[in-house]
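Coordinates as given in work.csv (CSV, N, CA and C atoms):
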```csv
chain,number,residue,atom,x,y,z
A,1,MET,N,23.6,-6.3,-69.0
A,1,MET,CA,24.9,-5.7,-68.5
A,1,MET,C,25.5,-6.6,-67.5
A,2,LYS,N,26.8,-6.7,-67.4
A,2,LYS,CA,27.4,-7.5,-66.4
A,2,LYS,C,27.4,-6.8,-65.0
A,3,ALA,N,27.3,-5.5,-65.0
A,3,ALA,CA,27.4,-4.8,-63.7
A,3,ALA,C,26.4,-5.2,-62.7
A,4,VAL,N,26.7,-5.1,-61.5
A,4,VAL,CA,25.8,-5.4,-60.4
A,4,VAL,C,24.7,-4.4,-60.5
A,5,GLY,N,23.4,-4.9,-60.4
A,5,GLY,CA,22.3,-4.0,-60.6
A,5,GLY,C,21.9,-3.2,-59.3
A,6,ASN,N,22.0,-3.8,-58.2
A,6,ASN,CA,21.5,-3.1,-57.0
A,6,ASN,C,22.5,-2.1,-56.5
A,7,PRO,N,22.1,-1.0,-55.9
A,7,PRO,CA,23.0,0.0,-55.5
A,7,PRO,C,24.1,-0.4,-54.5
A,8,ILE,N,23.7,-1.2,-53.5
A,8,ILE,CA,24.7,-1.6,-52.5
A,8,ILE,C,25.8,-2.4,-53.2
A,9,GLY,N,25.5,-3.4,-54.0
A,9,GLY,CA,26.5,-4.2,-54.7
A,9,GLY,C,27.3,-3.4,-55.6
A,10,LEU,N,26.7,-2.5,-56.3
A,10,LEU,CA,27.4,-1.6,-57.3
A,10,LEU,C,28.4,-0.7,-56.5
A,11,LEU,N,27.9,-0.1,-55.4
A,11,LEU,CA,28.7,0.8,-54.7
A,11,LEU,C,30.0,0.1,-54.1
A,12,LEU,N,29.8,-1.3,-53.8
A,12,LEU,CA,31.0,-2.0,-53.4
A,12,LEU,C,32.1,-2.0,-54.4
A,13,GLN,N,31.7,-1.9,-55.7
A,13,GLN,CA,32.7,-1.8,-56.8
A,13,GLN,C,33.6,-0.6,-56.6
A,14,PHE,N,33.1,0.4,-55.9
A,14,PHE,CA,33.8,1.7,-55.7
A,14,PHE,C,34.2,1.9,-54.3
A,15,LYS,N,34.5,0.8,-53.6
A,15,LYS,CA,34.8,0.8,-52.2
A,15,LYS,C,36.0,1.7,-51.8
A,16,ASN,N,36.9,1.9,-52.7
A,16,ASN,CA,38.0,2.8,-52.5
A,16,ASN,C,37.7,4.3,-52.6
A,17,LYS,N,36.5,4.6,-52.9
A,17,LYS,CA,36.1,6.0,-53.1
A,17,LYS,C,35.1,6.3,-51.9
A,18,GLN,N,35.1,7.6,-51.6
A,18,GLN,CA,34.3,8.0,-50.5
A,18,GLN,C,33.0,8.7,-51.0
A,19,VAL,N,31.9,8.3,-50.6
A,19,VAL,CA,30.6,9.0,-51.0
A,19,VAL,C,30.6,10.3,-50.2
A,20,VAL,N,30.4,11.4,-51.0
A,20,VAL,CA,30.3,12.7,-50.4
A,20,VAL,C,28.9,13.4,-50.5
A,21,TYR,N,28.1,12.8,-51.4
A,21,TYR,CA,26.8,13.4,-51.7
A,21,TYR,C,25.8,12.4,-52.2
A,22,VAL,N,24.6,12.4,-51.7
A,22,VAL,CA,23.5,11.5,-52.3
A,22,VAL,C,22.3,12.4,-52.4
A,23,ASN,N,21.7,12.4,-53.6
A,23,ASN,CA,20.5,13.2,-53.8
A,23,ASN,C,19.4,12.4,-54.4
A,24,GLN,N,18.2,12.7,-54.0
A,24,GLN,CA,17.0,12.1,-54.6
A,24,GLN,C,16.3,13.1,-55.4
A,25,ASP,N,16.0,12.8,-56.7
A,25,ASP,CA,15.3,13.7,-57.6
A,25,ASP,C,13.9,13.1,-57.9
A,26,GLY,N,13.0,14.0,-58.1
A,26,GLY,CA,11.6,13.5,-58.6
A,26,GLY,C,10.7,13.1,-57.5
A,27,ILE,N,9.4,13.2,-57.8
A,27,ILE,CA,8.4,12.8,-56.8
A,27,ILE,C,7.9,11.4,-57.2
A,28,LEU,N,7.4,11.3,-58.4
A,28,LEU,CA,6.8,10.0,-58.9
A,28,LEU,C,7.9,9.1,-59.4
A,29,LEU,N,8.7,9.6,-60.4
A,29,LEU,CA,9.7,8.8,-61.0
A,29,LEU,C,11.0,9.2,-60.3
A,30,LYS,N,11.3,8.6,-59.2
A,30,LYS,CA,12.5,9.0,-58.4
A,30,LYS,C,13.8,8.5,-59.1
A,31,THR,N,14.8,9.3,-59.0
A,31,THR,CA,16.2,8.9,-59.3
A,31,THR,C,17.1,9.3,-58.2
A,32,PHE,N,18.2,8.7,-58.1
A,32,PHE,CA,19.2,9.0,-57.0
A,32,PHE,C,20.5,9.2,-57.6
A,33,ASP,N,21.2,10.2,-57.2
A,33,ASP,CA,22.5,10.5,-57.6
A,33,ASP,C,23.5,10.3,-56.5
A,34,VAL,N,24.6,9.6,-56.7
A,34,VAL,CA,25.6,9.3,-55.7
A,34,VAL,C,26.9,9.9,-56.3
A,35,VAL,N,27.5,10.8,-55.5
A,35,VAL,CA,28.7,11.5,-56.0
A,35,VAL,C,29.8,11.1,-55.0
A,36,PHE,N,31.0,10.8,-55.6
A,36,PHE,CA,32.1,10.4,-54.8
A,36,PHE,C,33.1,11.5,-54.6
A,37,ASN,N,34.1,11.3,-53.8
A,37,ASN,CA,35.1,12.4,-53.5
A,37,ASN,C,35.9,12.8,-54.7
A,38,ASP,N,36.0,12.0,-55.7
A,38,ASP,CA,36.8,12.3,-56.9
A,38,ASP,C,35.9,12.9,-58.0
A,39,ALA,N,34.6,13.2,-57.7
A,39,ALA,CA,33.6,13.7,-58.6
A,39,ALA,C,32.9,12.7,-59.5
A,40,THR,N,33.3,11.4,-59.3
A,40,THR,CA,32.6,10.3,-60.0
A,40,THR,C,31.1,10.4,-59.6
A,41,LYS,N,30.2,10.2,-60.6
A,41,LYS,CA,28.8,10.3,-60.3
A,41,LYS,C,28.1,9.0,-60.9
A,42,ILE,N,27.2,8.4,-60.1
A,42,ILE,CA,26.4,7.3,-60.5
A,42,ILE,C,24.9,7.7,-60.3
A,43,GLU,N,24.1,7.5,-61.3
A,43,GLU,CA,22.7,7.8,-61.2
A,43,GLU,C,21.9,6.5,-61.2
A,44,PHE,N,21.0,6.3,-60.3
A,44,PHE,CA,20.1,5.2,-60.2
A,44,PHE,C,18.7,5.6,-60.5
A,45,ASP,N,17.9,4.6,-61.1
A,45,ASP,CA,16.5,4.8,-61.2
A,45,ASP,C,15.8,4.5,-59.9
A,46,GLY,N,14.5,4.6,-59.8
A,46,GLY,CA,13.8,4.3,-58.6
A,46,GLY,C,13.8,2.9,-58.2
A,47,LYS,N,14.1,2.0,-59.1
A,47,LYS,CA,14.2,0.5,-58.8
A,47,LYS,C,15.6,0.1,-58.4
A,48,GLY,N,16.5,1.1,-58.3
A,48,GLY,CA,17.9,0.8,-57.9
A,48,GLY,C,18.8,0.3,-59.0
A,49,GLN,N,18.4,0.4,-60.3
A,49,GLN,CA,19.2,0.1,-61.4
A,49,GLN,C,20.0,1.3,-61.8
A,50,TRP,N,21.3,1.1,-62.1
A,50,TRP,CA,22.1,2.3,-62.5
A,50,TRP,C,21.7,2.7,-63.9
A,51,LYS,N,21.7,4.0,-64.1
A,51,LYS,CA,21.4,4.6,-65.4
A,51,LYS,C,22.5,5.3,-66.0
A,52,GLU,N,23.4,5.9,-65.2
A,52,GLU,CA,24.5,6.6,-65.7
A,52,GLU,C,25.7,6.5,-64.8
A,53,VAL,N,26.9,6.3,-65.4
A,53,VAL,CA,28.2,6.3,-64.6
A,53,VAL,C,29.0,7.3,-65.3
A,54,ASP,N,29.4,8.4,-64.6
A,54,ASP,CA,30.2,9.5,-65.2
A,54,ASP,C,31.5,9.6,-64.3
A,55,MET,N,32.6,9.2,-64.9
A,55,MET,CA,33.9,9.2,-64.2
A,55,MET,C,34.7,10.5,-64.5
A,56,ASN,N,34.1,11.5,-65.2
A,56,ASN,CA,34.8,12.7,-65.6
A,56,ASN,C,35.9,12.4,-66.5
A,57,THR,N,37.2,12.4,-66.0
A,57,THR,CA,38.3,12.2,-66.9
A,57,THR,C,38.9,10.8,-66.8
A,58,GLN,N,38.4,10.0,-65.9
A,58,GLN,CA,38.8,8.6,-65.7
A,58,GLN,C,38.0,7.6,-66.6
A,59,ALA,N,38.5,6.4,-66.7
A,59,ALA,CA,37.8,5.4,-67.5
A,59,ALA,C,36.7,4.8,-66.7
A,60,VAL,N,35.6,4.6,-67.3
A,60,VAL,CA,34.5,3.9,-66.7
A,60,VAL,C,34.9,2.4,-66.6
A,61,PRO,N,34.7,1.8,-65.4
A,61,PRO,CA,35.1,0.4,-65.3
A,61,PRO,C,34.4,-0.5,-66.4
A,62,GLU,N,35.2,-1.4,-66.9
A,62,GLU,CA,34.8,-2.2,-68.1
A,62,GLU,C,33.5,-3.0,-67.8
A,63,PHE,N,33.2,-3.4,-66.6
A,63,PHE,CA,32.1,-4.2,-66.4
A,63,PHE,C,30.8,-3.4,-66.6
A,64,PHE,N,30.8,-2.1,-66.8
A,64,PHE,CA,29.6,-1.3,-67.2
A,64,PHE,C,29.4,-1.3,-68.7
A,65,ILE,N,30.5,-1.6,-69.4
A,65,ILE,CA,30.4,-1.4,-70.9
A,65,ILE,C,30.3,-2.7,-71.6
A,66,PRO,N,29.3,-2.9,-72.5
A,66,PRO,CA,29.2,-4.2,-73.2
A,66,PRO,C,30.5,-4.4,-74.1
A,67,ALA,N,30.9,-5.6,-74.2
A,67,ALA,CA,32.1,-6.0,-74.9
A,67,ALA,C,32.1,-5.4,-76.3
A,68,SER,N,31.0,-5.5,-77.0
A,68,SER,CA,31.0,-5.0,-78.4
A,68,SER,C,31.2,-3.5,-78.5
A,69,ILE,N,30.8,-2.8,-77.5
A,69,ILE,CA,31.0,-1.3,-77.5
A,69,ILE,C,32.5,-1.1,-77.2
A,70,GLN,N,33.0,-1.8,-76.2
A,70,GLN,CA,34.5,-1.7,-75.9
A,70,GLN,C,35.3,-1.9,-77.1
A,71,ASN,N,35.0,-3.0,-77.9
A,71,ASN,CA,35.7,-3.4,-79.1
A,71,ASN,C,35.6,-2.3,-80.1
A,72,TYR,N,34.4,-1.7,-80.3
A,72,TYR,CA,34.2,-0.6,-81.3
A,72,TYR,C,35.1,0.6,-80.9
A,73,VAL,N,35.1,1.0,-79.7
A,73,VAL,CA,35.9,2.1,-79.3
A,73,VAL,C,37.4,1.8,-79.5
A,74,LYS,N,37.9,0.7,-79.1
A,74,LYS,CA,39.3,0.3,-79.2
A,74,LYS,C,39.7,0.3,-80.7
A,75,ALA,N,38.8,-0.2,-81.6
A,75,ALA,CA,39.2,-0.3,-83.0
A,75,ALA,C,39.1,1.1,-83.7
A,76,ASN,N,38.1,1.9,-83.3
A,76,ASN,CA,37.8,3.1,-84.1
A,76,ASN,C,38.2,4.4,-83.4
A,77,CYS,N,38.6,4.4,-82.2
A,77,CYS,CA,39.0,5.6,-81.5
A,77,CYS,C,40.2,5.3,-80.6
A,78,PRO,N,41.3,4.9,-81.3
A,78,PRO,CA,42.5,4.6,-80.6
A,78,PRO,C,43.0,5.6,-79.6
A,79,GLY,N,43.3,5.2,-78.4
A,79,GLY,CA,43.8,6.1,-77.4
A,79,GLY,C,42.7,6.8,-76.6
A,80,ALA,N,41.5,6.7,-77.0
A,80,ALA,CA,40.4,7.3,-76.3
A,80,ALA,C,39.9,6.4,-75.2
A,81,ILE,N,39.5,6.9,-74.1
A,81,ILE,CA,38.8,6.1,-73.0
A,81,ILE,C,37.4,6.5,-72.9
A,82,ILE,N,36.6,5.6,-72.4
A,82,ILE,CA,35.2,5.9,-72.1
A,82,ILE,C,35.1,6.5,-70.8
A,83,THR,N,34.6,7.7,-70.7
A,83,THR,CA,34.5,8.5,-69.4
A,83,THR,C,33.1,8.5,-68.9
A,84,CYS,N,32.1,8.2,-69.7
A,84,CYS,CA,30.7,8.2,-69.2
A,84,CYS,C,29.9,7.3,-70.0
A,85,ILE,N,29.0,6.6,-69.4
A,85,ILE,CA,28.0,5.8,-70.1
A,85,ILE,C,26.6,6.1,-69.5
A,86,ASP,N,25.6,6.4,-70.3
A,86,ASP,CA,24.3,6.7,-69.9
A,86,ASP,C,23.4,5.8,-70.7
A,87,VAL,N,22.6,5.0,-69.9
A,87,VAL,CA,21.7,4.0,-70.5
A,87,VAL,C,20.2,4.4,-70.3
A,88,GLU,N,19.5,4.5,-71.4
A,88,GLU,CA,18.0,4.9,-71.2
A,88,GLU,C,17.2,4.2,-72.3
A,89,ARG,N,16.3,3.5,-71.9
A,89,ARG,CA,15.4,2.8,-72.8
A,89,ARG,C,16.1,2.0,-73.9
A,90,GLY,N,17.2,1.3,-73.4
A,90,GLY,CA,17.9,0.4,-74.3
A,90,GLY,C,19.0,1.1,-75.1
A,91,LEU,N,18.9,2.5,-75.2
A,91,LEU,CA,20.0,3.2,-75.9
A,91,LEU,C,21.1,3.5,-74.9
A,92,LYS,N,22.3,3.5,-75.5
A,92,LYS,CA,23.5,3.7,-74.7
A,92,LYS,C,24.3,4.9,-75.3
A,93,GLU,N,24.5,5.9,-74.5
A,93,GLU,CA,25.3,7.0,-74.9
A,93,GLU,C,26.6,7.0,-74.2
A,94,ILE,N,27.7,7.0,-75.0
A,94,ILE,CA,29.1,6.9,-74.5
A,94,ILE,C,29.8,8.2,-74.7
A,95,LYS,N,30.5,8.7,-73.7
A,95,LYS,CA,31.3,9.9,-73.9
A,95,LYS,C,32.8,9.5,-73.8
A,96,LEU,N,33.6,10.0,-74.7
A,96,LEU,CA,35.0,9.6,-74.8
A,96,LEU,C,35.9,10.7,-74.4
A,97,SER,N,37.1,10.4,-74.0
A,97,SER,CA,38.1,11.4,-73.6
A,97,SER,C,38.5,12.3,-74.7
A,98,ASN,N,38.3,11.9,-75.9
A,98,ASN,CA,38.6,12.8,-77.1
A,98,ASN,C,37.5,13.8,-77.5
A,99,GLY,N,36.4,13.8,-76.7
A,99,GLY,CA,35.3,14.7,-76.9
A,99,GLY,C,34.2,14.2,-77.7
A,100,LEU,N,34.3,13.0,-78.3
A,100,LEU,CA,33.3,12.4,-79.1
A,100,LEU,C,32.2,11.8,-78.2
A,101,GLU,N,31.0,11.8,-78.7
A,101,GLU,CA,29.9,11.1,-78.0
A,101,GLU,C,29.3,10.1,-79.0
A,102,LEU,N,29.2,8.9,-78.6
A,102,LEU,CA,28.7,7.8,-79.5
A,102,LEU,C,27.4,7.3,-78.9
A,103,LYS,N,26.4,7.0,-79.8
A,103,LYS,CA,25.1,6.5,-79.4
A,103,LYS,C,25.0,5.1,-80.0
A,104,PHE,N,24.5,4.1,-79.2
A,104,PHE,CA,24.3,2.8,-79.6
A,104,PHE,C,22.9,2.4,-79.4
A,105,ASN,N,22.3,1.5,-80.2
A,105,ASN,CA,21.0,1.1,-80.0
A,105,ASN,C,21.0,-0.1,-79.0
A,106,SER,N,19.8,-0.7,-78.8
A,106,SER,CA,19.7,-1.8,-77.9
A,106,SER,C,20.5,-3.1,-78.3
A,107,ARG,N,20.9,-3.1,-79.5
A,107,ARG,CA,21.7,-4.3,-80.0
A,107,ARG,C,23.2,-3.9,-80.0
A,108,ASP,N,23.5,-2.7,-79.4
A,108,ASP,CA,24.9,-2.2,-79.3
A,108,ASP,C,25.5,-1.9,-80.7
A,109,GLN,N,24.6,-1.5,-81.6
A,109,GLN,CA,25.1,-1.0,-82.9
A,109,GLN,C,25.2,0.5,-82.9
A,110,LEU,N,26.2,1.0,-83.4
A,110,LEU,CA,26.4,2.5,-83.5
A,110,LEU,C,25.3,3.1,-84.3
A,111,ILE,N,24.7,4.2,-83.8
A,111,ILE,CA,23.6,4.8,-84.6
A,111,ILE,C,23.9,6.3,-84.7
A,112,GLU,N,24.8,6.9,-84.0
A,112,GLU,CA,25.1,8.3,-84.1
A,112,GLU,C,26.5,8.6,-83.5
A,113,ILE,N,27.1,9.6,-84.1
A,113,ILE,CA,28.4,10.2,-83.6
A,113,ILE,C,28.2,11.7,-83.5
A,114,ASP,N,28.6,12.2,-82.3
A,114,ASP,CA,28.5,13.7,-82.1
A,114,ASP,C,29.8,14.2,-81.6
A,115,ASP,N,30.3,15.3,-82.2
A,115,ASP,CA,31.6,15.8,-81.7
A,115,ASP,C,31.4,17.2,-81.1
```
Please express the file's structure as structure tokens.
Amino acid sequence: MKAVGNPIGLLLQFKNKQVVYVNQDGILLKTFDVVFNDATKIEFDGKGQWKEVDMNTQAVPEFFIPASIQNYVKANCPGAIITCIDVERGLKEIKLSNGLELKFNSRDQLIEIDD
């Protein structure tokens, strides 16, 4: 992924937003949620790598989205924007503004569509 991996560098990408809430979940496998004043949420794993970026109704910044996935959405879902990306064990789940959820494998190939 092109996005900055560490939380401080990544949060600098959102410097125009105000952090209103930070939460740590879990005891052994810790995760951290950062919520901004516009309800944007970023989830980090215990190593500081982002796992999820949820922009609600706004577009997720392109540097979080692999180019091949961006191209797929532009070609197959005209007018839709990516509002959330969740990455876990190489799988990427994308939520679109039109209500569709797309799942891609570790090679960024579409494997599932859910509406």
DSSP-assigned strand (DSSP E) among chain A, expressed as a compact mmCIF listing (two decimals) with N, CA and C atoms, in the frame of the given file:
```txt
# COMPACT_ATOMS: atom_id res chain seq x y z
N VAL A 19 31.90 8.30 -50.60
CA VAL A 19 30.60 9.00 -51.00
C VAL A 19 30.60 10.30 -50.20
N VAL A 20 30.40 11.40 -51.00
CA VAL A 20 30.30 12.70 -50.40
C VAL A 20 28.90 13.40 -50.50
N TYR A 21 28.10 12.80 -51.40
CA TYR A 21 26.80 13.40 -51.70
C TYR A 21 25.80 12.40 -52.20
N VAL A 22 24.60 12.40 -51.70
CA VAL A 22 23.50 11.50 -52.30
C VAL A 22 22.30 12.40 -52.40
N ASN A 23 21.70 12.40 -53.60
CA ASN A 23 20.50 13.20 -53.80
C ASN A 23 19.40 12.40 -54.40
N GLN A 24 18.20 12.70 -54.00
CA GLN A 24 17.00 12.10 -54.60
C GLN A 24 16.30 13.10 -55.40
N ASP A 25 16.00 12.80 -56.70
CA ASP A 25 15.30 13.70 -57.60
C ASP A 25 13.90 13.10 -57.90
N THR A 31 14.80 9.30 -59.00
CA THR A 31 16.20 8.90 -59.30
C THR A 31 17.10 9.30 -58.20
N PHE A 32 18.20 8.70 -58.10
CA PHE A 32 19.20 9.00 -57.00
C PHE A 32 20.50 9.20 -57.60
N ASP A 33 21.20 10.20 -57.20
CA ASP A 33 22.50 10.50 -57.60
C ASP A 33 23.50 10.30 -56.50
N VAL A 34 24.60 9.60 -56.70
CA VAL A 34 25.60 9.30 -55.70
C VAL A 34 26.90 9.90 -56.30
N VAL A 35 27.50 10.80 -55.50
CA VAL A 35 28.70 11.50 -56.00
C VAL A 35 29.80 11.10 -55.00
N PHE A 36 31.00 10.80 -55.60
CA PHE A 36 32.10 10.40 -54.80
C PHE A 36 33.10 11.50 -54.60
N LYS A 41 30.20 10.20 -60.60
CA LYS A 41 28.80 10.30 -60.30
C LYS A 41 28.10 9.00 -60.90
N ILE A 42 27.20 8.40 -60.10
CA ILE A 42 26.40 7.30 -60.50
C ILE A 42 24.90 7.70 -60.30
N GLU A 43 24.10 7.50 -61.30
CA GLU A 43 22.70 7.80 -61.20
C GLU A 43 21.90 6.50 -61.20
N PHE A 44 21.00 6.30 -60.30
CA PHE A 44 20.10 5.20 -60.20
C PHE A 44 18.70 5.60 -60.50
N ASP A 45 17.90 4.60 -61.10
CA ASP A 45 16.50 4.80 -61.20
C ASP A 45 15.80 4.50 -59.90
N TRP A 50 21.30 1.10 -62.10
CA TRP A 50 22.10 2.30 -62.50
C TRP A 50 21.70 2.70 -63.90
N LYS A 51 21.70 4.00 -64.10
CA LYS A 51 21.40 4.60 -65.40
C LYS A 51 22.50 5.30 -66.00
N GLU A 52 23.40 5.90 -65.20
CA GLU A 52 24.50 6.60 -65.70
C GLU A 52 25.70 6.50 -64.80
N VAL A 53 26.90 6.30 -65.40
CA VAL A 53 28.20 6.30 -64.60
C VAL A 53 29.00 7.30 -65.30
N ASP A 54 29.40 8.40 -64.60
CA ASP A 54 30.20 9.50 -65.20
C ASP A 54 31.50 9.60 -64.30
N ILE A 82 36.60 5.60 -72.40
CA ILE A 82 35.20 5.90 -72.10
C ILE A 82 35.10 6.50 -70.80
N THR A 83 34.60 7.70 -70.70
CA THR A 83 34.50 8.50 -69.40
C THR A 83 33.10 8.50 -68.90
N CYS A 84 32.10 8.20 -69.70
CA CYS A 84 30.70 8.20 -69.20
C CYS A 84 29.90 7.30 -70.00
N ILE A 85 29.00 6.60 -69.40
CA ILE A 85 28.00 5.80 -70.10
C ILE A 85 26.60 6.10 -69.50
N ASP A 86 25.60 6.40 -70.30
CA ASP A 86 24.30 6.70 -69.90
C ASP A 86 23.40 5.80 -70.70
N VAL A 87 22.60 5.00 -69.90
CA VAL A 87 21.70 4.00 -70.50
C VAL A 87 20.20 4.40 -70.30
N GLU A 88 19.50 4.50 -71.40
CA GLU A 88 18.00 4.90 -71.20
C GLU A 88 17.20 4.20 -72.30
N LEU A 91 18.90 2.50 -75.20
CA LEU A 91 20.00 3.20 -75.90
C LEU A 91 21.10 3.50 -74.90
N LYS A 92 22.30 3.50 -75.50
CA LYS A 92 23.50 3.70 -74.70
C LYS A 92 24.30 4.90 -75.30
N GLU A 93 24.50 5.90 -74.50
CA GLU A 93 25.30 7.00 -74.90
C GLU A 93 26.60 7.00 -74.20
N ILE A 94 27.70 7.00 -75.00
CA ILE A 94 29.10 6.90 -74.50
C ILE A 94 29.80 8.20 -74.70
N LYS A 95 30.50 8.70 -73.70
CA LYS A 95 31.30 9.90 -73.90
C LYS A 95 32.80 9.50 -73.80
N LEU A 96 33.60 10.00 -74.70
CA LEU A 96 35.00 9.60 -74.80
C LEU A 96 35.90 10.70 -74.40
N GLU A 101 31.00 11.80 -78.70
CA GLU A 101 29.90 11.10 -78.00
C GLU A 101 29.30 10.10 -79.00
N LEU A 102 29.20 8.90 -78.60
CA LEU A 102 28.70 7.80 -79.50
C LEU A 102 27.40 7.30 -78.90
N LYS A 103 26.40 7.00 -79.80
CA LYS A 103 25.10 6.50 -79.40
C LYS A 103 25.00 5.10 -80.00
N PHE A 104 24.50 4.10 -79.20
CA PHE A 104 24.30 2.80 -79.60
C PHE A 104 22.90 2.40 -79.40
N LEU A 110 26.20 1.00 -83.40
CA LEU A 110 26.40 2.50 -83.50
C LEU A 110 25.30 3.10 -84.30
N ILE A 111 24.70 4.20 -83.80
CA ILE A 111 23.60 4.80 -84.60
C ILE A 111 23.90 6.30 -84.70
N GLU A 112 24.80 6.90 -84.00
CA GLU A 112 25.10 8.30 -84.10
C GLU A 112 26.50 8.60 -83.50
N ILE A 113 27.10 9.60 -84.10
CA ILE A 113 28.40 10.20 -83.60
C ILE A 113 28.20 11.70 -83.50
N ASP A 114 28.60 12.20 -82.30
CA ASP A 114 28.50 13.70 -82.10
C ASP A 114 29.80 14.20 -81.60
```
Computed interatomic separation between CA of Leu28 in chain A and CA of Phe44 in chain A (Å)
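Calculated distance between CA of Leu28 in chain A and CA of Phe44 in chain A is 14.2 Å.
Of the listed residues A:Ile81, A:Leu96, A:Ala67, A:Val35, the one whose atoms come nearest to Asp108 in chain A is A:Ala67, with distances taken using only C-alpha atoms.
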Around the point (27.5, 11.1, -80.9) (coordinates from the file), which residues reach within 8 Å if we count only C-alpha atoms? Answer as a list of chain:residue names.
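Protein and nucleic acid residues near the point are A:Glu93, A:Ile94, A:Leu100, A:Glu101, A:Leu102, A:Lys103, A:Glu112, A:Ile113, A:Asp114, A:Asp115.
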Go ahead and compute the interatomic distance for atom C of Ser106 in chain A and atom C of Asp86 in chain A, in Å to one decimal.
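A separation of 12.1 Å between them.
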So which residues touch Ile82 in chain A within 9 Å, counting only C-alpha atoms, skipping near sequence neighbours fewer than 5 positions away, as a PDB file with N, CA and C atoms, in the frame of the given file?
```
ATOM      1  N   MET A  55      32.600   9.200 -64.900  1.00  0.00           N
ATOM      2  CA  MET A  55      33.900   9.200 -64.200  1.00  0.00           C
ATOM      3  C   MET A  55      34.700  10.500 -64.500  1.00  0.00           C
ATOM      4  N   THR A  57      37.200  12.400 -66.000  1.00  0.00           N
ATOM      5  CA  THR A  57      38.300  12.200 -66.900  1.00  0.00           C
ATOM      6  C   THR A  57      38.900  10.800 -66.800  1.00  0.00           C
ATOM      7  N   GLN A  58      38.400  10.000 -65.900  1.00  0.00           N
ATOM      8  CA  GLN A  58      38.800   8.600 -65.700  1.00  0.00           C
ATOM      9  C   GLN A  58      38.000   7.600 -66.600  1.00  0.00           C
ATOM     10  N   ALA A  59      38.500   6.400 -66.700  1.00  0.00           N
ATOM     11  CA  ALA A  59      37.800   5.400 -67.500  1.00  0.00           C
ATOM     12  C   ALA A  59      36.700   4.800 -66.700  1.00  0.00           C
ATOM     13  N   VAL A  60      35.600   4.600 -67.300  1.00  0.00           N
ATOM     14  CA  VAL A  60      34.500   3.900 -66.700  1.00  0.00           C
ATOM     15  C   VAL A  60      34.900   2.400 -66.600  1.00  0.00           C
ATOM     16  N   PRO A  61      34.700   1.800 -65.400  1.00  0.00           N
ATOM     17  CA  PRO A  61      35.100   0.400 -65.300  1.00  0.00           C
ATOM     18  C   PRO A  61      34.400  -0.500 -66.400  1.00  0.00           C
ATOM     19  N   ILE A  65      30.500  -1.600 -69.400  1.00  0.00           N
ATOM     20  CA  ILE A  65      30.400  -1.400 -70.900  1.00  0.00           C
ATOM     21  C   ILE A  65      30.300  -2.700 -71.600  1.00  0.00           C
ATOM     22  N   GLN A  70      33.000  -1.800 -76.200  1.00  0.00           N
ATOM     23  CA  GLN A  70      34.500  -1.700 -75.900  1.00  0.00           C
ATOM     24  C   GLN A  70      35.300  -1.900 -77.100  1.00  0.00           C
ATOM     25  N   VAL A  73      35.100   1.000 -79.700  1.00  0.00           N
ATOM     26  CA  VAL A  73      35.900   2.100 -79.300  1.00  0.00           C
ATOM     27  C   VAL A  73      37.400   1.800 -79.500  1.00  0.00           C
ATOM     28  N   ILE A  94      27.700   7.000 -75.000  1.00  0.00           N
ATOM     29  CA  ILE A  94      29.100   6.900 -74.500  1.00  0.00           C
ATOM     30  C   ILE A  94      29.800   8.200 -74.700  1.00  0.00           C
ATOM     31  N   LYS A  95      30.500   8.700 -73.700  1.00  0.00           N
ATOM     32  CA  LYS A  95      31.300   9.900 -73.900  1.00  0.00           C
ATOM     33  C   LYS A  95      32.800   9.500 -73.800  1.00  0.00           C
ATOM     34  N   LEU A  96      33.600  10.000 -74.700  1.00  0.00           N
ATOM     35  CA  LEU A  96      35.000   9.600 -74.800  1.00  0.00           C
ATOM     36  C   LEU A  96      35.900  10.700 -74.400  1.00  0.00           C
ATOM     37  N   SER A  97      37.100  10.400 -74.000  1.00  0.00           N
ATOM     38  CA  SER A  97      38.100  11.400 -73.600  1.00  0.00           C
ATOM     39  C   SER A  97      38.500  12.300 -74.700  1.00  0.00           C
TER      40      SER A  97
END
```
Fewer than 5 positions away in the same chain doesn't count, so skip those; otherwise give me all residues within 7 Å of Thr31 in chain A, counting all atoms listed in the file, as a PyMOL selection string.
chain A and resi 23-26+43-46
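Nearest residue to Phe32 in chain A, choosing from A:Phe63, A:Lys47, A:Gln18, A:Ala80 and counting only N, CA and C atoms: A:Lys47.
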List the neighbours of Asp54 in chain A out to 6.5 Å using only N, CA and C atoms; skip same-chain residues closer than 6 positions along the sequence, and give me the result as a count of residues only.
8
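Using all atoms listed in the file, the nearest neighbour of Lys51 in chain A within the list A:Glu88, A:Phe64, A:Asp38, A:Lys17 is A:Glu88.
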For a quick check of understanding, using only C-alpha atoms, which of A:Tyr21, A:Asn16, A:Lys74, A:Ser68 has the smallest distance to Leu110 in chain A?
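Using only C-alpha atoms, the shortest distance to Leu110 in chain A belongs to A:Ser68.
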Between atom N of Arg89 in chain A and atom N of Pro66 in chain A lies a distance of 14.5 Å
